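Colleague: This is the structure I want to talk about, given as structure tokens.
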Amino acid sequence: MAGKTKIMTSGTPWKHILLFSLPVLAGSLLQQLYNTVDTIIVGRYAGEASLSAVGTTGTITFLFLSLAIGFSAGNGVVVAQHFGAGDEEKVRSNASSGILFLMILGVICAVVGVLIARPIFVHVVDVPESFLDQTLVYFRIYALGFVFQCGYNIFSAILRAVGDSAATLYFLLISSVLNIGLDMLFVAVFDWGVAGAAIATDISQAISFVAAYYYMRRKYPVFRFALKEYKWNNTLISRTVKIGFPISLQLIVVSFGLTFIQRAVNGFGQVMTASFTVGQRIEMYINLPLNALQTTLATYTGQNVGAGKIDRVKKGTRQTVIISLLMTVVISALVWAFAPEIISLFGLSDRAAEYCLEHLKAIALINIVLAVYVPIFGVFQGSGHSIFPMIVACGALGMRVLVTYLFRYSTFLGHTVIWWNGIFGFSLGFLITWTFYLSGRWIRGNVKEQVTLTE
């Protein structure tokens with residue numbers, strides 16, 4: 001297969017996994033950096049109400065992005081399995097059908113997002129009147145960029161499936177620099193407020209989309225599709241949906257759960273909402289290694305399942321969990337040590353800064369639990385058992401929401417339940433994930449069937 005591809009079915013597992021995950025991690029870091037800079041610029045130049053408006057859209061935007069991420073990952077697993085099996089024809093056919101499916105999905109998400117904005121933020125998220133209008137402006141403009149996000153995600157998933165994890169880093173570097181520059185121009189100079197922040201994001205995402213498409217076609221002849229080759233194929237798309245839907249549903253469940261937590265946060269007022277917005281942004285940094293390793297382990301598992309090397313999957317899993325834990329502990333220690341300095345960047349009021357400091361110190365400890373089980377989701381996804389991470393997500397989020405609403409006004413936890421709910425939910429997720437993994441049920445049956453399609 002022409003182009004710079006990377007097969008992970010031989011050699012030392014942890015070296016492959018670490019080298020593959022580093023560009024993914026760096027790309028995720030870039031995304032978070034420009035999201036953080038976006039938040040800093042809005043907070044400093046547009047005010048705390050605007051910061052709250054941008055922050056309160058997070059769970060709903062993530063709901064739509066869950067579809068893009070999940071179905072792209074599903075298609076990536078299918079492509080990775082066929083790539084591991086050395087079947088170039090199926091790599092090509094599944095990639096083209098995945099691109100068509102995701103582009104159609106992007107258009108649908110953009111239209112639906114614009115239409116349902118008001119009822120969602122008024123009746124579901126319960127956004128206060130003080131920043132409702134700004135919330136609607138930001139989200140509706142942001143939603144127009146869903147088509148670019150769906151396209152970028154499918155291109156990135158296909159590239160990772162054939163072992164090219166570095167390419168997406170370059171696209172994100174370009175879009176990150178552009179997004180920060182446009183944020184400063186639109187928000188700080190032109191004073192466009194939340195609308196300027198949303199427009200800047202849409203433009204940067206469009207650039208990433210174009211760059212990824214151009215690179216994939218130029219670098220890999222196998223992915224140079226003529227327009228007539230983008231045909232709807234129920235058989236091929238059903239395979240992507242079968243693996244991708246549980247991944248999307250898992251993320252959607254997370255989004256809905258976080259929406260209810262956001263509703264509880266909003267009930268404490270604008271100060272808490274602003275604090276929570278910043279806390280969530282920083283929490284993303286702690287989770288970067290485990291998310292990158294989950295993505296890597298899905299590709300690694302997919303290629304090795306395609307090659308029939310299950311023992312190699314197990315060895316790689318053990319090594320990945322150790323890497324994830326070490327990375328997360330280091331990042332958590334840095335967040336704990338420099339929390340006040342980090343918070344000062346966002347221009348929060350004194351009271352909001354106090355809330356945020358409590359939040360950051362708690363999650364720096366709690367999220368270590370995530371590090372020892374979330375990467376294993378990649379094993380389940382890569383072996384075709386993507387429904388199981390959804391089950392874990394339902395259990396963990398359900399527990400977090402339950403604890404939040406039970407104790408938010410209690411003397412036991414009070415407002416601190418907004419961040420301490422994680423210890424209850426993540427502990428449950430840890431127990432369920434490791435019980436299933438150690439049982440070996442994800443291996444049972446002929447896993448080679450995962451790469452057999454009826455044409």
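By order in the structure tokens, chains are A, B, ...; within a chain, residues start at 1; ligands start at 1, following the order shown.
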Mind running segment 395-446 of chain A against segment 359-362 of chain A at 8 Å and telling me each contacting residue's nearest atom pair with the distance in Å (one decimal), counting only C-alpha atoms, chain and number ascending, as CSV?
Modeller:
```
residue,atom,partner,partner_atom,distance
A:Thr416,CA,A:His359,CA,7.7
A:Trp419,CA,A:His359,CA,5.8
A:Trp420,CA,A:Ala362,CA,6.8
```
Colleague: Could you list, as number ranges by chain, every residue within 8 Å of Leu293 of chain A, counting only C-alpha atoms and ignoring same-chain residues fewer than 5 positions away?
Modeller: A: 17, 21, 320, 324, 375, 378
Colleague: With the cut-off set at 9 Å and counting only C-alpha atoms, tabulate each residue of segment 241-334 of chain A with an atom at most that distance from an atom of segment 65-83 of chain A, showing the nearest atom pair and its distance in Å to one decimal, ordered by chain and increasing number, as JSON lines.
Modeller:
```
{"residue": "A:Val241", "atom": "CA", "partner": "A:Phe71", "partner_atom": "CA", "distance": 6.4}
{"residue": "A:Lys242", "atom": "CA", "partner": "A:Gly74", "partner_atom": "CA", "distance": 7.6}
{"residue": "A:Ile243", "atom": "CA", "partner": "A:Gly74", "partner_atom": "CA", "distance": 4.8}
{"residue": "A:Gly244", "atom": "CA", "partner": "A:Gly74", "partner_atom": "CA", "distance": 3.7}
{"residue": "A:Phe245", "atom": "CA", "partner": "A:Phe71", "partner_atom": "CA", "distance": 6.3}
{"residue": "A:Pro246", "atom": "CA", "partner": "A:Gly70", "partner_atom": "CA", "distance": 7.6}
{"residue": "A:Ile247", "atom": "CA", "partner": "A:Gly70", "partner_atom": "CA", "distance": 4.7}
{"residue": "A:Ser248", "atom": "CA", "partner": "A:Gly70", "partner_atom": "CA", "distance": 4.0}
{"residue": "A:Leu249", "atom": "CA", "partner": "A:Ser66", "partner_atom": "CA", "distance": 7.6}
{"residue": "A:Gln250", "atom": "CA", "partner": "A:Ser66", "partner_atom": "CA", "distance": 8.2}
{"residue": "A:Leu251", "atom": "CA", "partner": "A:Ser66", "partner_atom": "CA", "distance": 5.2}
{"residue": "A:Ile252", "atom": "CA", "partner": "A:Ser66", "partner_atom": "CA", "distance": 5.8}
{"residue": "A:Ser255", "atom": "CA", "partner": "A:Ser66", "partner_atom": "CA", "distance": 8.1}
{"residue": "A:Thr295", "atom": "CA", "partner": "A:Ala73", "partner_atom": "CA", "distance": 8.3}
{"residue": "A:Ala298", "atom": "CA", "partner": "A:Val77", "partner_atom": "CA", "distance": 6.9}
{"residue": "A:Thr299", "atom": "CA", "partner": "A:Ala80", "partner_atom": "CA", "distance": 6.1}
{"residue": "A:Tyr300", "atom": "CA", "partner": "A:Ala80", "partner_atom": "CA", "distance": 8.3}
{"residue": "A:Thr301", "atom": "CA", "partner": "A:Gln81", "partner_atom": "CA", "distance": 8.4}
{"residue": "A:Gly302", "atom": "CA", "partner": "A:Gln81", "partner_atom": "CA", "distance": 4.8}
{"residue": "A:Gln303", "atom": "CA", "partner": "A:Gln81", "partner_atom": "CA", "distance": 4.9}
{"residue": "A:Asn304", "atom": "CA", "partner": "A:Gln81", "partner_atom": "CA", "distance": 7.6}
{"residue": "A:Val305", "atom": "CA", "partner": "A:Gln81", "partner_atom": "CA", "distance": 6.7}
{"residue": "A:Gly306", "atom": "CA", "partner": "A:Gln81", "partner_atom": "CA", "distance": 4.6}
{"residue": "A:Ala307", "atom": "CA", "partner": "A:Gln81", "partner_atom": "CA", "distance": 8.0}
```
Colleague: Hey, which of A:Gln381, A:Thr435, A:Gln262, A:Ser349 ends up closest to Thr404 of chain A? Count only C-alpha atoms.
Modeller: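 Of the candidates, the smallest distance to Thr404 of chain A is held by A:Gln262.
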Colleague: Could you tell me how far atom CA of Ser344 of chain A sits from atom CA of Leu33 of chain A, in Å to one decimal place?
Modeller: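 Atom CA of Leu33 of chain A sits 15.9 Å away from atom CA of Ser344 of chain A.
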Colleague: Could you work out how far atom CA of Thr59 of chain A lies from atom CA of Phe388 of chain A, giving the answer in Å with one decimal?
Modeller: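 Distance between the two atoms: 22.1 Å.
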Colleague: Counting only C-alpha atoms, which residues of segment 199-316 of chain A fall within 12 Å of segment 325-338 of chain A, and what is the closest atom pair for each with its distance in Å at one decimal, ordered by chain and rising number, as a Markdown table?
Modeller:
```
| residue | atom | partner | partner_atom | distance |
| --- | --- | --- | --- | --- |
| A:Gly279 | CA | A:Val335 | CA | 11.0 |
| A:Ile282 | CA | A:Val335 | CA | 8.2 |
| A:Glu283 | CA | A:Val335 | CA | 9.2 |
| A:Met284 | CA | A:Ile331 | CA | 10.9 |
| A:Tyr285 | CA | A:Ile331 | CA | 7.7 |
| A:Ile286 | CA | A:Ile331 | CA | 5.9 |
| A:Asn287 | CA | A:Thr328 | CA | 7.2 |
| A:Leu288 | CA | A:Thr328 | CA | 8.3 |
| A:Pro289 | CA | A:Met327 | CA | 6.4 |
| A:Leu290 | CA | A:Thr328 | CA | 7.6 |
| A:Asn291 | CA | A:Thr328 | CA | 10.8 |
| A:Ala292 | CA | A:Met327 | CA | 11.2 |
| A:Leu293 | CA | A:Met327 | CA | 10.5 |
```
Colleague: When distances are computed from only C-alpha atoms, which of A:Gly84, A:Pro13, A:Gly382, A:Gly181 shows the smallest separation from Gln319 of chain A?
Modeller: A:Pro13
Colleague: Give me the residues within 10 Å of segment 436-443 of chain A as an MDAnalysis selection string, counting only C-alpha atoms and dropping any in the same chain fewer than 5 places off.
Modeller: chainID A and resid 305 310 314 373 376:377 379:381 383:386 388 431
Colleague: Segment 213-216 of chain A: which residues within 9 Å, counting only C-alpha atoms, same-chain residues fewer than 3 positions away excluded, as a ChimeraX atom specification?
Modeller: /A:151-152,155-156,158-159,167,208-210,219-221,223-224
Colleague: Can you tell me, as a PDB file with N, CA and C atoms, in the first residue's frame, what residues are no more than 7 Å from segment 104-116 of chain A when counting only C-alpha atoms, ignoring any on the same chain fewer than 6 positions away?
Modeller:
```
ATOM      1  N   PHE A  64     -23.137  16.566  19.709  1.00  0.00           N
ATOM      2  CA  PHE A  64     -23.057  16.463  18.246  1.00  0.00           C
ATOM      3  C   PHE A  64     -21.706  15.900  17.805  1.00  0.00           C
ATOM      4  N   ARG A 140     -25.236  28.649  17.690  1.00  0.00           N
ATOM      5  CA  ARG A 140     -25.751  28.570  16.324  1.00  0.00           C
ATOM      6  C   ARG A 140     -24.653  28.790  15.291  1.00  0.00           C
ATOM      7  N   ALA A 143     -22.389  25.696  15.379  1.00  0.00           N
ATOM      8  CA  ALA A 143     -23.015  24.513  14.779  1.00  0.00           C
ATOM      9  C   ALA A 143     -22.799  24.439  13.278  1.00  0.00           C
ATOM     10  N   LEU A 144     -22.648  25.580  12.631  1.00  0.00           N
ATOM     11  CA  LEU A 144     -22.424  25.582  11.192  1.00  0.00           C
ATOM     12  C   LEU A 144     -21.128  24.867  10.814  1.00  0.00           C
ATOM     13  N   GLY A 145     -20.208  24.767  11.760  1.00  0.00           N
ATOM     14  CA  GLY A 145     -18.933  24.110  11.498  1.00  0.00           C
ATOM     15  C   GLY A 145     -18.941  22.611  11.707  1.00  0.00           C
ATOM     16  N   PHE A 146     -20.096  22.032  12.062  1.00  0.00           N
ATOM     17  CA  PHE A 146     -20.143  20.586  12.299  1.00  0.00           C
ATOM     18  C   PHE A 146     -19.779  19.786  11.049  1.00  0.00           C
ATOM     19  N   VAL A 147     -20.112  20.300   9.880  1.00  0.00           N
ATOM     20  CA  VAL A 147     -19.788  19.579   8.651  1.00  0.00           C
ATOM     21  C   VAL A 147     -18.277  19.446   8.482  1.00  0.00           C
ATOM     22  N   CYS A 150     -17.009  16.808  11.108  1.00  0.00           N
ATOM     23  CA  CYS A 150     -17.262  15.427  10.681  1.00  0.00           C
ATOM     24  C   CYS A 150     -16.260  15.004   9.607  1.00  0.00           C
TER      25      CYS A 150
END
```
Colleague: Could you give me, as a JSON list (two decimals) with C-alpha atoms, in the first residue's frame, each residue of segment 149-268 of chain A that DSSP assigns to alpha helix (DSSP H) when run on this structure's backbone?
Modeller:
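Listing of out-v5.json after writing:
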```json
[["chain", "number", "residue", "atom", "x", "y", "z"],
["A", 149, "GLN", "CA", -15.64, 18.57, 12.06],
["A", 150, "CYS", "CA", -17.26, 15.43, 10.68],
["A", 151, "GLY", "CA", -15.06, 15.57, 7.57],
["A", 152, "TYR", "CA", -11.88, 16.18, 9.53],
["A", 153, "ASN", "CA", -12.64, 13.36, 11.96],
["A", 154, "ILE", "CA", -13.18, 10.75, 9.25],
["A", 155, "PHE", "CA", -10.00, 11.74, 7.41],
["A", 156, "SER", "CA", -8.04, 11.57, 10.67],
["A", 157, "ALA", "CA", -9.52, 8.18, 11.60],
["A", 158, "ILE", "CA", -8.60, 6.69, 8.23],
["A", 159, "LEU", "CA", -5.05, 8.02, 8.45],
["A", 160, "ARG", "CA", -4.63, 6.59, 11.96],
["A", 161, "ALA", "CA", -6.03, 3.26, 10.77],
["A", 167, "ALA", "CA", -0.27, 13.85, 9.99],
["A", 168, "THR", "CA", -3.20, 15.12, 12.07],
["A", 169, "LEU", "CA", -0.73, 16.91, 14.34],
["A", 170, "TYR", "CA", 0.34, 19.14, 11.47],
["A", 171, "PHE", "CA", -3.25, 19.98, 10.54],
["A", 172, "LEU", "CA", -4.08, 20.86, 14.13],
["A", 173, "LEU", "CA", -0.98, 23.01, 14.46],
["A", 174, "ILE", "CA", -2.09, 25.10, 11.50],
["A", 175, "SER", "CA", -5.68, 25.41, 12.73],
["A", 176, "SER", "CA", -4.63, 26.15, 16.33],
["A", 177, "VAL", "CA", -2.39, 29.05, 15.36],
["A", 178, "LEU", "CA", -5.08, 30.36, 13.02],
["A", 179, "ASN", "CA", -7.81, 30.01, 15.66],
["A", 180, "ILE", "CA", -5.82, 31.92, 18.27],
["A", 181, "GLY", "CA", -4.98, 34.69, 15.81],
["A", 182, "LEU", "CA", -8.60, 35.01, 14.68],
["A", 183, "ASP", "CA", -9.80, 34.98, 18.31],
["A", 193, "GLY", "CA", -17.77, 38.87, 21.58],
["A", 194, "VAL", "CA", -18.98, 35.26, 21.54],
["A", 195, "ALA", "CA", -19.90, 35.51, 17.85],
["A", 196, "GLY", "CA", -16.28, 36.30, 17.02],
["A", 197, "ALA", "CA", -15.07, 33.30, 19.02],
["A", 198, "ALA", "CA", -17.48, 30.97, 17.19],
["A", 199, "ILE", "CA", -16.55, 32.34, 13.75],
["A", 200, "ALA", "CA", -12.85, 31.92, 14.53],
["A", 201, "THR", "CA", -13.44, 28.29, 15.49],
["A", 202, "ASP", "CA", -15.45, 27.53, 12.34],
["A", 203, "ILE", "CA", -12.79, 29.00, 10.07],
["A", 204, "SER", "CA", -9.97, 27.08, 11.76],
["A", 205, "GLN", "CA", -11.94, 23.82, 11.54],
["A", 206, "ALA", "CA", -12.57, 24.39, 7.83],
["A", 207, "ILE", "CA", -8.82, 24.81, 7.29],
["A", 208, "SER", "CA", -8.14, 21.52, 9.12],
["A", 209, "PHE", "CA", -10.74, 19.78, 6.96],
["A", 210, "VAL", "CA", -9.20, 21.00, 3.69],
["A", 211, "ALA", "CA", -5.64, 20.24, 4.82],
["A", 212, "ALA", "CA", -6.50, 16.69, 5.90],
["A", 213, "TYR", "CA", -8.33, 15.94, 2.65],
["A", 214, "TYR", "CA", -5.51, 17.30, 0.51],
["A", 215, "TYR", "CA", -2.83, 15.39, 2.46],
["A", 216, "MET", "CA", -4.69, 12.07, 2.38],
["A", 217, "ARG", "CA", -5.20, 12.21, -1.38],
["A", 218, "ARG", "CA", -1.65, 13.32, -2.13],
["A", 219, "LYS", "CA", 0.15, 10.95, 0.24],
["A", 234, "ASN", "CA", -25.49, -0.41, 2.93],
["A", 235, "THR", "CA", -23.27, -3.42, 3.63],
["A", 236, "LEU", "CA", -20.11, -1.39, 4.16],
["A", 237, "ILE", "CA", -21.77, 1.45, 6.06],
["A", 238, "SER", "CA", -23.59, -1.00, 8.33],
["A", 239, "ARG", "CA", -20.20, -2.31, 9.47],
["A", 240, "THR", "CA", -19.08, 1.22, 10.34],
["A", 241, "VAL", "CA", -22.38, 1.85, 12.13],
["A", 242, "LYS", "CA", -22.21, -1.45, 14.02],
["A", 243, "ILE", "CA", -18.86, -0.53, 15.56],
["A", 244, "GLY", "CA", -19.28, 3.24, 15.57],
["A", 245, "PHE", "CA", -22.79, 3.53, 17.00],
["A", 246, "PRO", "CA", -21.88, 2.17, 20.46],
["A", 247, "ILE", "CA", -18.88, 4.54, 20.52],
["A", 248, "SER", "CA", -21.12, 7.48, 19.59],
["A", 249, "LEU", "CA", -23.78, 6.36, 22.04],
["A", 250, "GLN", "CA", -21.18, 6.13, 24.78],
["A", 251, "LEU", "CA", -20.13, 9.72, 24.13],
["A", 252, "ILE", "CA", -23.75, 10.86, 23.83],
["A", 253, "VAL", "CA", -24.53, 9.27, 27.19],
["A", 254, "VAL", "CA", -21.54, 11.14, 28.61],
["A", 255, "SER", "CA", -22.83, 14.34, 27.02],
["A", 256, "PHE", "CA", -26.34, 13.91, 28.44],
["A", 257, "GLY", "CA", -24.94, 13.06, 31.85],
["A", 258, "LEU", "CA", -22.71, 16.13, 31.78],
["A", 259, "THR", "CA", -25.70, 18.21, 30.63],
["A", 260, "PHE", "CA", -27.54, 17.30, 33.82],
["A", 261, "ILE", "CA", -24.42, 18.10, 35.83],
["A", 262, "GLN", "CA", -24.18, 21.42, 33.94],
["A", 263, "ARG", "CA", -27.80, 22.10, 34.89],
["A", 264, "ALA", "CA", -26.89, 21.55, 38.54],
["A", 265, "VAL", "CA", -23.89, 23.85, 38.10],
["A", 266, "ASN", "CA", -26.07, 26.58, 36.59]]
```
Colleague: Quick one: everything within 10 Å of Asn421 of chain A, counting only C-alpha atoms, minus sequence neighbours fewer than 6 positions away in the same chain. Send it as a ChimeraX atom specification.
Modeller: /A:261,363,366,396-397,399-405,407-408,413
Colleague: List the neighbours of Gln32 of chain A out to 8 Å using only C-alpha atoms; skip same-chain residues closer than 2 positions along the sequence, and give me the result as a PDB file with N, CA and C atoms, in the first residue's frame.
Modeller:
```
ATOM      1  N   SER A  28      -4.027  16.399  20.368  1.00  0.00           N
ATOM      2  CA  SER A  28      -5.061  16.681  21.371  1.00  0.00           C
ATOM      3  C   SER A  28      -4.651  17.856  22.246  1.00  0.00           C
ATOM      4  N   LEU A  29      -3.363  17.925  22.556  1.00  0.00           N
ATOM      5  CA  LEU A  29      -2.862  19.038  23.358  1.00  0.00           C
ATOM      6  C   LEU A  29      -3.054  20.361  22.624  1.00  0.00           C
ATOM      7  N   LEU A  30      -2.774  20.352  21.333  1.00  0.00           N
ATOM      8  CA  LEU A  30      -2.977  21.568  20.541  1.00  0.00           C
ATOM      9  C   LEU A  30      -4.442  21.988  20.553  1.00  0.00           C
ATOM     10  N   TYR A  34      -5.772  25.596  22.108  1.00  0.00           N
ATOM     11  CA  TYR A  34      -6.506  26.683  21.461  1.00  0.00           C
ATOM     12  C   TYR A  34      -7.915  26.829  22.032  1.00  0.00           C
ATOM     13  N   ASN A  35      -8.494  25.744  22.571  1.00  0.00           N
ATOM     14  CA  ASN A  35      -9.765  25.883  23.298  1.00  0.00           C
ATOM     15  C   ASN A  35      -9.572  26.704  24.566  1.00  0.00           C
ATOM     16  N   THR A  36      -8.427  26.474  25.230  1.00  0.00           N
ATOM     17  CA  THR A  36      -8.124  27.212  26.455  1.00  0.00           C
ATOM     18  C   THR A  36      -7.862  28.682  26.159  1.00  0.00           C
ATOM     19  N   ARG A 281     -12.047  22.897  31.361  1.00  0.00           N
ATOM     20  CA  ARG A 281     -10.975  23.092  30.384  1.00  0.00           C
ATOM     21  C   ARG A 281      -9.670  22.475  30.891  1.00  0.00           C
ATOM     22  N   MET A 284      -9.508  18.612  30.980  1.00  0.00           N
ATOM     23  CA  MET A 284      -9.209  17.992  29.691  1.00  0.00           C
ATOM     24  C   MET A 284      -7.719  17.679  29.544  1.00  0.00           C
ATOM     25  N   TYR A 285      -6.879  18.544  30.090  1.00  0.00           N
ATOM     26  CA  TYR A 285      -5.430  18.320  29.987  1.00  0.00           C
ATOM     27  C   TYR A 285      -5.015  17.058  30.741  1.00  0.00           C
TER      28      TYR A 285
END
```
Colleague: Suppose you want the space between atom CA of Tyr230 of chain A and atom CA of Ser97 of chain A; what is it in Å?
Modeller: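 Atom-to-atom, atom CA of Tyr230 of chain A and atom CA of Ser97 of chain A are spaced 6.2 Å apart.
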Colleague: Which is closest to Trp14 of chain A among A:Ile323, A:Met390, A:Val372, A:Arg351, if we use only C-alpha atoms?
Modeller: A:Ile323
